[in-house]
Structures are given as structure tokens and as C-alpha cells.
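The next block holds one structure in the form of C-alpha cells; read it before the comments.
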Amino acid sequence: MRISLISLAFILFSPLVWSAAAIETWPTTSGAKVFYVHSDDLPMVDIRLTFDAGSARDGEKFGVAALTSGLLDTGAGALDADAIAQRFENVGAQFSSGISRDSAWLSVRTLTQKDLFDPAVETLQLILTQPRFAQTDFDREKNRTLAALKHQQASPSALADIAFYQAVYGAHPYAHPSTGTQISVAKLSRDDLKQFYQRYYVAANAQIVIIGNLTRKQAEHTSEKLLAGLPPGHKPAAIPEVALPTQGHTEHIQFPSAQTHVMSGMPGVYRKDDDYYSLYVGNHILGGAAMVSRLFEEVREKRGLAYSTYSYFAPMFRKGPFTMGLQTRNDQAEEALTVMNQVLQDFIDKGPTQAELEDAKKNITGGFVMRFDTNSELTSYVEMIGFYDLPLDYLDTFQDKVNAVTVASIKDAFKRRIDPKLLQTITVGGPEHDDAK
């Protein structure tokens with residue numbers, strides 16, 4: 001991924017009133033979905049193309065989605081990486097790309113003045129439709145990825161995260177690291193990337209988000225132009241459902257460190273889950289609210305077992321993980337894990353108090369609008385709404401749905417969805433007798 005220099009104009013942000021962010025949507029002639037929000041505060045626009053082409057689509061070639069995304073702007077058409085970067089820089093545009101387990105995306109932020117906007121869109125279209133995947137570029141990016149993966153072996157937090165996803169998801173496509181493994185990436189070839197690109201970077205599998213100072217007509221024209229030359233293709237079959245583990249599991253990974261990294265959890269919630277709001281608000285009380293959560297109070301404040309502790313739900317197309325975690329001295333790891341699990345069990349059994357619930361609602365809704373008060377932030381939210389097929393009024397109704405959560409709904413959701421007996425627990429650190437007290 002390469003990011004050009006940003007023009008001074010992009011230091012400024014475009015405030016958007018959430019209730020006025022009316023999302024319009026339509027299909028392109030090639031079958032892609034477009035999601036558009038008009039904002040005329042500044043003469044700029046954010047454009048993001050998203051594909052169902054995340055690491056869950058790697059198959060047995062772990063890392064192919066990430067490497068494909070990373071090579072898109074290293075050469076396209078007659079342009080090499082430096083020429084691409086220069087073209088964006090010449091018009092003050094910013095390009096970026098990346099992947100998650102569910103999706104892959106390319107985006108550009110540009111001014112809407114025609115002599116600046118047109119070259120930026122043309123360059124984005126070239127990257128999208130004519131990537132070269134040159135052997136020299138492939139070799140360089142592959143070696144960079146291998147070096148980064150090797151470096152991960154020196155990071156206990158990275159090792160914990162990798163082992164945690166493997167434990168939670170087993171043979172499911174969510175299990176492996178998005179960047180692959182040293183063994184899998186070493187086996188990848190340039191043809192693997194070309195085949196992945198040809199399969200997933202097609203119009204029928206595309207979504208376009210346009211946020212900014214373009215008219216609806218301009219947005220329609222831009223959408224058609226971007227996909228010109230991209231094969232229509234087909235959407236891939238949905239990735240399989242996530243199966244719950246049949247029993248709990250604990251694994252310790254030896255690592256020469258004074259601190260033990262602890263992660264524990266299980267499959268939790270997906271984006272369109274009926275229990276989403278109850279679980280989200282409940283987790284805010286359990287471990288999502290940083291310094292005022294149950295976990296923080298019991299693990300750090302009362303016992304001093306960790307500097308910080310947390311829990312969260314990470315919803316995806318299928319059930320993303322419910323995760324609890326902390327770091328603690330090696331000789332305190334067992335005690336800290338016991339307390340963390342007890343806090344979870346007590347929360348499942350008793351739920352939050354009404355006072356905790358009211359405080360959580362105020363905290364969540366009070367800062368909600370600030371999460372997307374710029375074009376770039378709103379782009380991310382609209383991308384999520386479109387990709388996961390959420391209601392177009394998601395932003396408008398979010399606060400009402402949070403306020404509708406009750407103590408009873410939280411208790412019910414946690415009891416049904418989180419089973420302490422099925423937790424997958426990973427600890428990474430040294431043995432107790434090696435602790436540097």
C-alpha cells in the first residue's frame with residue numbers, strides 16, 4: 001500500500017450533521033452497488049471501492065488477498081509505483097488500500113475541481129482495472145511481507161492474537177492471519193495473485209461509496225467510469241457459518257518476557273445480529289469502557305493485577321469474536337485470568353445495574369455523532385452499512401436502539417450467547433519462576 005502526500009486542503013475536515021447524512025443508493029450498469037452522500041462544506045470528495053475479497057477468501061493460500069491488495073498500486077498500465085504516486089501528489093490526492101478478513105478496499109480523497117478531480121479518478125481507475133503484478137514488484141512485496149511475519153514472532157501480543165483466532169475459529173476461513181503465515185506466503189506466486197484478482201475484483205462483487213461535494217449526476221458518472229473495463233464477473237458464494245466450539249480450551253505459549261499476554265473468548269456476534277445492541281451496550285459495562293468498566297474495577301483497581309484490561313465484540317459478516325484480554329506479571333497470570341473469568345460469570349448471572357446501564361447509554365450516545373463528523377469517517381460508516389447490508393437509516397436510529405436496551409435484554413443476550421465453559425484462552429509469556437518482579 002502506498003499513500004501520496006496530502007495537500008494542505010486535506011488538513012481541514014468537513015463537518016457533517018449525522019441526521020442530515022441521507023444515503024442514496026443505486027446499481028451501476030455493470031451490477032455494482034453505489035452509496036452516495038452529498039456534502040458541500042468543502043470542494044472535496046472521498047471515494048472508496050470495496051470488494052468481498054478479504055482474507056476469508058484466501059482458500060488454502062493464506063495471505064494472497066493481502067498481497068494482492070498491496071500490489072495494486074505498485075504498477076498499473078504504463079505506470080510504475082513512483083509514477084502512480086506522483087500523479088496523485090500532483091493533484092493533491094490521497095490514495096490508500098487495505099483488507100480485513102471480510103473485505104478489500106481502495107480509496108482516494110481528492111479535490112473536486114475538474115482539473116484535479118479527473119486525473120485522480122483516472123489514476124484510481126487504472127489501478128483498479130490494469131494492475132501489472134510485475135515479477136519484480138511481487139518479489140519485493142513478498143519479501144517485505146515475509147520480513148514482517150518473521151518480526152511478529154518477536155511480539156507476544158501478535159503471537160497471542162494469531163493463536164487466539166486459530167483457537168476460536170479452527171478450520172473456518174476467519175482462523176488464519178490476514179497477512180498469512182511465513183510458510184503460506186513463501187509458497188505464493190505471482191500467478192496466484194493474478195488469479196485472485198481476476199476472480200474477486202469484478203464489477204458484480206464491487207461496492208462504491210462516494211461522500212462529498214459531487215452532484216448525484218456526477219457521482220453516477222464517476223461510478224460508471226471507475227468500473228469501465230472491469231469484467232462483470234459474479235459475486236462469490238457466502239462464506240460458511242461459524243460453528244461454536246464444543247468445549248473450552250486453554251493454551252500457554254512460552255515466551256521470554258516478564259509479562260504474560262492473556263486473551264480469552266469465543267465466537268460472538270455478526271453485523272446483522274438481533275442481539276447486537278444488547279451485547280454492545282452490555283460489553284461497554286463489562287470491559288469496553290476503559291477505566292470505568294467492571295473488568296477494570298476488579299482486575300486493576302481492586303487487585304492491581306494489570307495496568308489495563310478489556311473486552312469487546314468484533315462483528316463481521318459471520319460471528320466475529322467476543323474477546324477479553326489483559327497483560328500481567330508472569331507470577332500473577334493465573335490469578336488475573338481467574339478474576340477476569342469470574343467477572344464475566346457474575347455479569348452473565350446478574351447483568352448490569354440500572355445505574356450502570358444509564359451511564360453506559362449516556363457515554364455511548366453522547367459521543368456518537370463525533371465518530372463520523374468528517375467525510376473520511378462517514379465514508380467508513382457508509383461502507384460498513386453497504387457491505388453488510390444494514391438499514392440505510394442505521395446512523396439515524398443507532399442512538400434510539402441503544403436507548404431501548406434494558407437490563408433484562410442484556411442479561412438475556414449474554415446468557416444465550418456467551419458460555420464461559422466454551423471460552424478459548426491463550427496465554428503468552430514466561431513461567432512464574434522467570435518473572436522479573
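Chain labels run A, B, ... following the order of the C-alpha cells; each chain numbers its residues from 1, and ligands are numbered from 1 in the order shown.
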
Review point. Any idea what's packed within 8 Å of Ile285 of chain A, counting only C-alpha atoms, ignoring anything in its chain fewer than 5 positions away? Could you give it as a PyMOL selection string?
Key: chain A and resi 292-294+352+356-357+360

Store the residues picked out above in a file with C-alpha atoms, as a PDB file, in the first residue's frame.
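File written: again_13.pdb
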ATOM      1  CA  VAL A 292     -14.980   2.609  34.322  1.00  0.00           C
ATOM      2  CA  SER A 293     -15.754  -0.985  33.355  1.00  0.00           C
ATOM      3  CA  ARG A 294     -16.340  -3.987  35.618  1.00  0.00           C
ATOM      4  CA  PRO A 352     -25.620  -4.745  34.987  1.00  0.00           C
ATOM      5  CA  GLU A 356     -24.501   1.228  35.112  1.00  0.00           C
ATOM      6  CA  LEU A 357     -26.858   0.901  32.157  1.00  0.00           C
ATOM      7  CA  ALA A 360     -23.325   3.443  29.546  1.00  0.00           C
TER       8      ALA A 360
END

Closest atom pairs, segment 14-74 of chain A residues within 10 Å of segment 145-165 of chain A, only C-alpha atoms, as CSV:
residue,atom,partner,partner_atom,distance
A:Gly63,CA,A:Thr145,CA,9.1
A:Ala66,CA,A:Thr145,CA,9.4
A:Leu67,CA,A:Thr145,CA,8.0
A:Gly70,CA,A:Thr145,CA,9.8

Restrict the selected residues to C-alpha atoms and save them as a PDB file, in the first residue's frame.
ATOM      1  CA  GLY A  63      -2.038 -14.202   2.564  1.00  0.00           C
ATOM      2  CA  ALA A  66      -3.408  -9.115   1.427  1.00  0.00           C
ATOM      3  CA  LEU A  67      -0.571  -9.409  -1.070  1.00  0.00           C
ATOM      4  CA  GLY A  70      -0.701  -4.489  -1.544  1.00  0.00           C
TER       5      GLY A  70
END

Check which residues of segment 243-299 of chain A sit at most 8 Å from segment 393-412 of chain A using only C-alpha atoms, and return one row each with the closest pair of atoms and their distance in Å to one decimal, ordered by chain and rising number, as JSON lines.
{"residue": "A:Tyr277", "atom": "CA", "partner": "A:Val402", "partner_atom": "CA", "distance": 6.1}
{"residue": "A:Ser278", "atom": "CA", "partner": "A:Ile410", "partner_atom": "CA", "distance": 4.9}
{"residue": "A:Leu279", "atom": "CA", "partner": "A:Ile410", "partner_atom": "CA", "distance": 6.3}
{"residue": "A:Val281", "atom": "CA", "partner": "A:Val402", "partner_atom": "CA", "distance": 7.0}
{"residue": "A:Gly282", "atom": "CA", "partner": "A:Ile410", "partner_atom": "CA", "distance": 5.7}

Write out as a PDB file with C-alpha atoms, in the first residue's frame all residues of segment 307-384 of chain A that backbone DSSP assigns to alpha helix (DSSP H).
ATOM      1  CA  ALA A 333      -1.256 -14.586  35.261  1.00  0.00           C
ATOM      2  CA  GLU A 334      -3.284 -17.404  36.800  1.00  0.00           C
ATOM      3  CA  GLU A 335      -4.879 -15.129  39.395  1.00  0.00           C
ATOM      4  CA  ALA A 336      -5.645 -12.420  36.819  1.00  0.00           C
ATOM      5  CA  LEU A 337      -7.271 -14.945  34.485  1.00  0.00           C
ATOM      6  CA  THR A 338      -9.356 -16.337  37.335  1.00  0.00           C
ATOM      7  CA  VAL A 339     -10.605 -12.862  38.271  1.00  0.00           C
ATOM      8  CA  MET A 340     -11.348 -11.977  34.644  1.00  0.00           C
ATOM      9  CA  ASN A 341     -13.424 -15.133  34.190  1.00  0.00           C
ATOM     10  CA  GLN A 342     -15.243 -14.568  37.477  1.00  0.00           C
ATOM     11  CA  VAL A 343     -16.191 -11.034  36.468  1.00  0.00           C
ATOM     12  CA  LEU A 344     -17.629 -12.412  33.235  1.00  0.00           C
ATOM     13  CA  GLN A 345     -19.559 -15.133  35.052  1.00  0.00           C
ATOM     14  CA  ASP A 346     -21.004 -12.641  37.549  1.00  0.00           C
ATOM     15  CA  PHE A 347     -22.044 -10.345  34.706  1.00  0.00           C
ATOM     16  CA  ILE A 348     -23.777 -13.190  32.886  1.00  0.00           C
ATOM     17  CA  ASP A 349     -25.544 -14.294  36.059  1.00  0.00           C
ATOM     18  CA  LYS A 350     -26.626 -10.890  37.353  1.00  0.00           C
ATOM     19  CA  GLN A 354     -29.737   0.137  36.202  1.00  0.00           C
ATOM     20  CA  ALA A 355     -27.273   2.885  37.145  1.00  0.00           C
ATOM     21  CA  GLU A 356     -24.501   1.228  35.112  1.00  0.00           C
ATOM     22  CA  LEU A 357     -26.858   0.901  32.157  1.00  0.00           C
ATOM     23  CA  GLU A 358     -27.889   4.564  32.236  1.00  0.00           C
ATOM     24  CA  ASP A 359     -24.254   5.687  32.469  1.00  0.00           C
ATOM     25  CA  ALA A 360     -23.325   3.443  29.546  1.00  0.00           C
ATOM     26  CA  LYS A 361     -26.128   4.770  27.368  1.00  0.00           C
ATOM     27  CA  LYS A 362     -25.094   8.373  28.054  1.00  0.00           C
ATOM     28  CA  ASN A 363     -21.474   7.591  27.286  1.00  0.00           C
ATOM     29  CA  ILE A 364     -22.243   5.779  24.028  1.00  0.00           C
ATOM     30  CA  THR A 365     -24.848   8.161  22.631  1.00  0.00           C
ATOM     31  CA  GLY A 366     -23.163  11.320  23.894  1.00  0.00           C
ATOM     32  CA  ASN A 375     -16.112  12.882   5.273  1.00  0.00           C
ATOM     33  CA  SER A 376     -13.494  10.158   5.790  1.00  0.00           C
ATOM     34  CA  GLU A 377     -15.140   8.832   8.945  1.00  0.00           C
ATOM     35  CA  LEU A 378     -18.571   8.902   7.357  1.00  0.00           C
ATOM     36  CA  THR A 379     -17.152   7.031   4.360  1.00  0.00           C
ATOM     37  CA  SER A 380     -16.118   4.173   6.645  1.00  0.00           C
ATOM     38  CA  TYR A 381     -19.575   4.005   8.202  1.00  0.00           C
ATOM     39  CA  VAL A 382     -21.393   4.089   4.864  1.00  0.00           C
ATOM     40  CA  GLU A 383     -19.033   1.409   3.559  1.00  0.00           C
ATOM     41  CA  MET A 384     -19.971  -0.767   6.540  1.00  0.00           C
TER      42      MET A 384
END

Point to revise | Within 10 Å of Lys272 of chain A using only C-alpha atoms, minus same-chain residues under 5 positions, as an MDAnalysis selection string | key: chainID A and resid 315:319 388:391

Review point. Leaving out Leu72 of chain A and any residue of its chain fewer than 2 positions from it, which residues lie within 12 Å of it when counting only C-alpha atoms, given as a PyMOL selection string?
Key: chain A and resi 1-2+65-70+74-77+79-81+84+95-98+104-107+123-134+137-138+141+193-194+197+201

**Study point:** Who sits within 7 Å of segment 28-42 of chain A, only C-alpha atoms, same chain under 4 positions skipped, as a list in words
**Key:** Ser14, Ala21, Ala22, Ile23, Glu24, Ala203, Ala204, Asn205, Ala206, Gln207, Ile208, Val209, Ile210, Ile211, Gly212, Asn213, Leu214, Thr215, Glu224 and Pro232 of chain A

Practice item. Would you list the contacts of Asn90 of chain A as a list in words, taking every protein, DNA or RNA residue within 12 Å and counting only C-alpha atoms, but skipping same-chain residues closer than 3 positions in sequence? Key: Ser4, Leu5, Ile6, Ser7, Asp82, Ala83, Ile84, Ala85, Gln86, Arg87, Ala93, Gln94, Thr110, Leu111, Asp115, Leu116, Phe117, Pro119, Ala120 and Thr123 of chain A

Check your understanding: Using only C-alpha atoms, which residues sit within 8 Å of Thr222 of chain A once same-chain residues fewer than 4 positions away are excluded, as a ChimeraX atom specification?
Key -> /A:121,218,226

Can you list, as a short mmCIF file (atom, residue, chain, number, x, y, z; two decimals) with C-alpha atoms, in the first residue's frame, all residues belonging to segment 302-379 of chain A that DSSP tags as strand (DSSP E)?
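Final output, saved to result_38.cif:
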data_model
loop_
_atom_site.label_atom_id
_atom_site.label_comp_id
_atom_site.auth_asym_id
_atom_site.auth_seq_id
_atom_site.Cartn_x
_atom_site.Cartn_y
_atom_site.Cartn_z
CA THR A 309 -7.90 -4.95 30.82
CA TYR A 310 -10.63 -5.01 28.21
CA SER A 311 -13.39 -6.85 26.43
CA TYR A 312 -15.05 -6.28 23.06
CA PHE A 313 -17.25 -7.73 20.35
CA GLY A 320 -16.78 -12.14 14.96
CA PRO A 321 -15.03 -12.84 18.24
CA PHE A 322 -16.01 -11.86 21.73
CA THR A 323 -12.64 -11.14 23.33
CA MET A 324 -11.38 -10.41 26.82
CA GLY A 325 -7.74 -9.63 27.48
CA LEU A 326 -5.06 -8.23 29.74
CA GLN A 327 -1.31 -8.18 30.37
CA THR A 328 0.10 -9.04 33.77
CA ARG A 329 3.25 -10.25 35.52
#
